[in-house]
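Shown here: data22.cif, mmCIF, C-alpha atoms.
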```
data_input
#
loop_
_atom_site.label_atom_id
_atom_site.label_comp_id
_atom_site.auth_asym_id
_atom_site.auth_seq_id
_atom_site.Cartn_x
_atom_site.Cartn_y
_atom_site.Cartn_z
CA ASN A 1 195.17 98.36 23.35
CA GLN A 2 194.69 98.77 27.07
CA ASN A 3 192.60 101.87 26.46
CA LYS A 4 190.46 100.03 23.91
CA LEU A 5 189.93 97.08 26.29
CA SER A 6 189.05 99.47 29.11
CA THR A 7 186.56 101.30 26.90
CA ILE A 8 184.91 98.03 25.75
CA PHE A 9 184.73 96.77 29.37
CA ASN A 10 183.18 100.01 30.58
CA LYS A 11 180.58 99.96 27.81
CA GLN A 12 179.59 96.37 28.59
CA PHE A 13 179.51 97.10 32.33
CA MET A 14 177.32 100.17 31.78
CA LYS A 15 174.96 98.20 29.52
CA LYS A 16 174.55 95.53 32.22
CA LYS A 17 174.12 98.18 34.89
CA TYR A 18 171.44 100.03 32.89
CA SER A 19 169.75 96.73 32.02
CA ARG A 20 169.51 95.86 35.73
CA LEU A 21 168.24 99.32 36.58
CA SER A 22 165.65 99.07 33.82
CA PHE A 23 164.56 95.66 35.11
CA TYR A 24 164.19 96.94 38.69
CA ALA A 25 162.32 100.03 37.49
CA LEU A 26 159.91 97.97 35.39
CA THR A 27 159.32 95.60 38.32
CA MET A 28 158.53 98.51 40.63
CA PHE A 29 156.11 100.06 38.12
CA ALA A 30 154.36 96.71 37.72
CA VAL A 31 153.91 96.31 41.51
CA VAL A 32 152.57 99.86 41.84
CA ALA A 33 150.18 99.35 38.92
CA ILE A 34 148.86 96.09 40.41
CA SER A 35 148.41 97.75 43.82
CA ILE A 36 146.50 100.68 42.33
CA SER A 37 144.37 98.33 40.24
CA CYS A 38 143.53 96.19 43.29
CA SER A 39 142.79 99.31 45.32
CA ASP A 40 140.48 100.65 42.61
CA ASP A 41 138.73 97.28 42.33
CA LYS A 42 138.20 97.24 46.09
CA LYS A 43 136.69 100.72 46.03
CA ILE A 44 134.36 99.78 43.20
CA THR A 45 133.13 96.53 44.81
CA GLU A 46 132.64 97.90 48.34
CA GLU A 47 129.01 98.76 49.08
CA PRO A 48 127.87 101.00 51.95
CA ASP A 49 126.11 99.34 54.86
CA PRO A 50 122.40 100.13 54.31
CA THR A 51 121.77 100.18 58.09
CA GLU A 52 124.50 102.72 58.84
CA PHE A 53 122.02 105.59 58.69
CA GLU A 54 119.10 103.82 60.35
CA LEU A 55 117.89 103.99 63.95
CA LYS A 56 115.88 100.94 64.96
CA GLY A 57 115.82 98.27 67.64
CA SER A 58 118.11 98.69 70.65
CA LEU A 59 121.43 100.32 71.49
CA THR A 60 123.51 98.79 74.30
CA GLY A 61 126.91 100.34 73.54
CA GLU A 62 127.96 103.77 72.30
CA ARG A 63 126.91 105.24 68.97
CA THR A 64 127.65 108.61 67.39
CA LEU A 65 125.40 110.21 64.78
CA LEU A 66 127.76 112.24 62.62
CA ALA A 67 127.43 115.99 62.07
CA GLY A 68 125.55 116.98 58.94
CA SER A 69 124.13 113.49 58.35
CA THR A 70 120.52 112.33 57.99
CA TYR A 71 119.21 109.22 59.75
CA LYS A 72 115.95 107.29 59.36
CA LEU A 73 114.06 106.42 62.56
CA ILE A 74 112.29 103.10 62.01
CA GLU A 75 109.70 102.31 64.70
CA GLY A 76 111.15 102.33 68.25
CA TYR A 77 114.80 103.00 69.09
CA ASN A 78 115.60 102.07 72.71
CA VAL A 79 118.89 103.11 74.29
CA LYS A 80 119.36 100.50 77.01
CA ASP A 81 121.03 100.67 80.44
CA GLY A 82 124.72 101.42 79.81
CA GLY A 83 124.09 102.64 76.26
CA LYS A 84 125.10 106.09 75.07
CA LEU A 85 123.66 107.94 72.07
CA ILE A 86 125.78 110.87 70.89
CA ILE A 87 124.19 113.23 68.35
CA GLU A 88 126.45 115.82 66.78
CA GLU A 89 125.39 119.23 65.46
CA ASP A 90 123.35 119.56 62.26
CA VAL A 91 122.04 115.97 62.41
CA THR A 92 118.55 115.32 61.04
CA ILE A 93 116.51 112.33 62.23
CA ILE A 94 113.42 111.51 60.16
CA ALA A 95 110.69 109.24 61.54
CA THR A 96 109.66 107.02 58.63
CA ASN A 97 106.06 106.14 59.65
CA THR A 98 106.43 102.63 58.22
CA SER A 99 104.09 100.96 60.72
CA SER A 100 100.89 101.65 62.64
CA ASP A 101 102.93 101.93 65.86
CA PRO A 102 104.61 105.30 66.45
CA ASP A 103 108.31 105.85 65.82
CA TYR A 104 110.13 107.09 68.92
CA ILE A 105 113.50 107.42 70.69
CA LEU A 106 113.57 106.15 74.26
CA ILE A 107 116.47 106.66 76.68
CA GLU A 108 116.01 104.06 79.40
CA GLN A 109 117.22 104.24 83.00
CA GLY A 110 121.01 104.00 83.13
CA ALA A 111 121.40 105.13 79.50
CA THR A 112 122.48 108.57 78.31
CA ILE A 113 121.94 110.92 75.38
CA GLU A 114 124.38 113.68 74.44
CA ALA A 115 122.61 115.76 71.81
CA LYS A 116 124.51 118.99 71.33
CA GLY A 117 123.37 121.17 68.46
CA THR A 118 124.21 124.83 68.02
CA LYS A 119 122.14 127.94 67.31
CA ASP A 120 123.18 127.90 63.66
CA LYS A 121 123.27 124.10 63.29
CA PRO A 122 120.53 122.61 65.48
CA ILE A 123 119.67 118.92 65.73
CA VAL A 124 116.32 118.32 64.06
CA MET A 125 114.02 115.37 64.82
CA THR A 126 111.13 115.34 62.38
CA SER A 127 108.80 113.15 60.33
CA SER A 128 108.55 112.04 56.73
CA VAL A 129 104.86 113.01 56.99
CA GLN A 130 104.85 116.70 57.81
CA LYS A 131 101.68 116.86 59.88
CA PRO A 132 101.19 117.23 63.65
CA GLY A 133 101.34 114.07 65.75
CA LYS A 134 103.08 111.88 63.19
CA TRP A 135 105.69 110.30 65.47
CA GLY A 136 106.20 109.49 69.12
CA GLY A 137 108.91 111.94 70.16
CA LEU A 138 111.86 111.69 72.54
CA HIS A 139 111.42 110.02 75.95
CA ILE A 140 114.02 110.12 78.72
CA CYS A 141 113.47 107.88 81.74
CA GLY A 142 115.74 108.71 84.66
CA LYS A 143 116.07 107.57 88.29
CA ALA A 144 115.30 110.82 90.12
CA PRO A 145 112.39 111.05 92.62
CA ILE A 146 108.95 111.73 91.14
CA ASN A 147 105.49 112.48 92.64
CA LEU A 148 103.76 109.22 91.67
CA THR A 149 102.57 106.85 94.39
CA GLY A 150 105.27 104.27 94.97
CA GLY A 151 107.99 106.55 93.57
CA SER A 152 108.12 105.09 90.06
CA GLY A 153 106.04 104.65 86.93
CA LYS A 154 106.06 103.21 83.42
CA SER A 155 106.55 105.27 80.27
CA GLU A 156 103.52 105.72 78.04
CA ILE A 157 105.67 104.78 75.06
CA GLY A 158 107.96 101.79 75.45
CA ASN A 159 106.53 100.78 78.83
CA VAL A 160 109.82 101.10 80.75
CA LYS A 161 110.40 102.19 84.33
CA PHE A 162 111.14 105.78 85.35
CA GLY A 163 111.59 107.41 88.75
CA GLY A 164 113.46 106.29 91.84
CA THR A 165 115.55 107.72 94.66
CA ASP A 166 118.68 109.06 92.93
CA ALA A 167 118.35 112.86 92.91
CA GLU A 168 121.78 113.14 91.25
CA ASP A 169 120.87 110.90 88.31
CA ASN A 170 121.94 112.33 84.96
CA SER A 171 120.59 111.11 81.61
CA GLY A 172 122.71 113.45 79.48
CA THR A 173 122.45 116.76 77.64
CA LEU A 174 120.10 118.38 75.12
CA MET A 175 121.18 121.63 73.44
CA TYR A 176 119.49 123.23 70.44
CA VAL A 177 117.33 120.20 69.63
CA ARG A 178 114.15 120.79 67.64
CA LEU A 179 111.27 118.29 67.52
CA ASP A 180 108.80 118.68 64.66
CA TYR A 181 105.43 117.03 63.93
CA THR A 182 105.26 115.02 67.17
CA GLY A 183 102.97 114.84 70.21
CA PHE A 184 99.56 113.14 70.22
CA ALA A 185 97.12 111.29 72.47
CA PHE A 186 96.49 107.55 72.26
CA ASP A 187 93.39 108.06 74.39
CA GLU A 188 92.16 110.30 77.27
CA ASN A 189 94.77 108.93 79.70
CA THR A 190 97.77 108.10 77.49
CA GLU A 191 99.81 110.67 75.59
CA SER A 192 102.98 110.97 73.61
CA ASN A 193 104.46 114.40 74.19
CA GLY A 194 107.12 115.78 71.88
CA LEU A 195 109.62 115.58 74.73
CA THR A 196 108.95 113.52 77.84
CA MET A 197 111.33 113.57 80.82
#
```

As structure tokens, please, write out the structure in this file.
Amino acid sequence: NQNKLSTIFNKQFMKKKYSRLSFYALTMFAVVAISISCSDDKKITEEPDPTEFELKGSLTGERTLLAGSTYKLIEGYNVKDGGKLIIEEDVTIIATNTSSDPDYILIEQGATIEAKGTKDKPIVMTSSVQKPGKWGGLHICGKAPINLTGGSGKSEIGNVKFGGTDAEDNSGTLMYVRLDYTGFAFDENTESNGLTM
């Protein structure tokens, strides 16, 4: 009789034990399924920021253009004093020509540009309209001494100050950067070169 009672007790205990384990297992599967479902819903509803790959307006902080990506240049893009524009290898920047004013990139005094392409993966700055003189180019305005009367001047694009007395001023680095379809004259005295320093 004792053996029978022991066997019955063990069977009931095992049933309860397996029932609890089954309950815990089902609960865990349900939580995981809900988490995955929520995660999938989040991925589906998230939309990319449309301005993430646009260059327009002003930059006052630090921004990195990611290797292998393409960015649209919309009118003027001014990197202000204290700002830093980092352009990684194999980046393409396309001037969009959306207005009558030229698209350009302007590095102002106190700002820096670090554009480091490679021989095999250069940085390319170009235009959506593939004809000469279709955008304003790259302008870098530093604080080093220049030969203008008064020791300073104003840029022909952007109208910002360049020149000064700091011979050690450093506006950054350009390596393997190609500028296509830029450079033109506004009139006899005002030009936009492809690269102006």

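Nearest residue to A:Lys121 among A:Ala185, A:Leu195, A:Val91, A:Leu85 is A:Val91, counting only C-alpha atoms.
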
Written as a VMD selection string, what is the full residue list that the PyMOL selection byres ((chain A and resi 97-103) around 8) yields on the file shown?
-> chain A and resid 73 to 77 95 to 96 104 to 105 127 to 129 134 to 137

**Request:** Check what the PyMOL selection byres ((chain A and resi 60) around 10) selects in the file above and give those residues as a list of chain:residue names.
**Result:**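 What the PyMOL selection byres ((chain A and resi 60) around 10) grabs from the file is A:Ser58, A:Leu59, A:Gly61, A:Glu62, A:Arg63, A:Asn78, A:Val79, A:Lys80, A:Asp81, A:Gly82, A:Gly83, A:Lys84, A:Leu85, A:Ala111.
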
Counting only C-alpha atoms, the residue among A:Leu55, A:Leu106, A:Ile87, A:Ile123 that lies closest to A:Cys141 is A:Leu106

Listed atoms of stretch 108-112 of chain A boxed axis-aligned with 3 Å per side, centre + edges as lines of an AutoDock Vina configuration file:
```
center_x = 119.2
center_y = 106.3
center_z = 80.7
size_x = 12.5
size_y = 10.6
size_z = 10.8
```

### Message
Taking 2 positions as the minimum chain separation for residues in the same chain, which residues sit within 12 Å of A:Gly172 when counting all atoms listed in the file? Answer as a VMD selection string.
### Response
chain A and resid 83 to 87 107 to 116 140 to 142 168 to 170 174 to 175 197

List as a list in words the residues having at least one atom at most 7 Å from position (122.0, 119.5, 56.7) as given in the file, counting only C-alpha atoms. Gly68, Ser69, Asp90, Val91 and Thr92 of chain A

| message | Residues near stretch 144-156 of chain A, anyone? I mean within 9 Å using all atoms listed in the file, not counting same-chain ones fewer than 2 positions away, as a ChimeraX atom specification. | response | /A:139,141-142,158-170,190-192,196

Resulting file, chosen residues, C-alpha atoms, as a CSV table (one decimal), in the coordinates of the input:
```
chain,number,residue,atom,x,y,z
A,139,HIS,CA,111.4,110.0,76.0
A,141,CYS,CA,113.5,107.9,81.7
A,142,GLY,CA,115.7,108.7,84.7
A,158,GLY,CA,108.0,101.8,75.4
A,159,ASN,CA,106.5,100.8,78.8
A,160,VAL,CA,109.8,101.1,80.8
A,161,LYS,CA,110.4,102.2,84.3
A,162,PHE,CA,111.1,105.8,85.4
A,163,GLY,CA,111.6,107.4,88.8
A,164,GLY,CA,113.5,106.3,91.8
A,165,THR,CA,115.6,107.7,94.7
A,166,ASP,CA,118.7,109.1,92.9
A,167,ALA,CA,118.4,112.9,92.9
A,168,GLU,CA,121.8,113.1,91.2
A,169,ASP,CA,120.9,110.9,88.3
A,170,ASN,CA,121.9,112.3,85.0
A,190,THR,CA,97.8,108.1,77.5
A,191,GLU,CA,99.8,110.7,75.6
A,192,SER,CA,103.0,111.0,73.6
A,196,THR,CA,109.0,113.5,77.8
```

Open item on the list: From the options A:Phe53, A:Ile94, A:Gln130, A:Val177, which residue's atoms come nearest to A:Gly117, counting all atoms listed in the file?
Closed with: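 Closest residue, counting all atoms listed in the file: A:Val177.
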
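Atom CA of A:Phe184 lies 26.6 Å from atom CA of A:Leu65.
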
Among A:Thr173, A:Ile93, A:Leu138, A:Asp49, A:Ile157 is approached most closely, using all atoms listed in the file, by A:Leu138

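Taking atom CA of A:Tyr71 and atom CA of A:Lys131 as endpoints, the distance between them is 19.1 Å.
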
task = Work out how far atom CA of A:Lys72 is from atom CA of A:Asn189, in Å to one decimal.
result =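 A separation of 29.4 Å between them.
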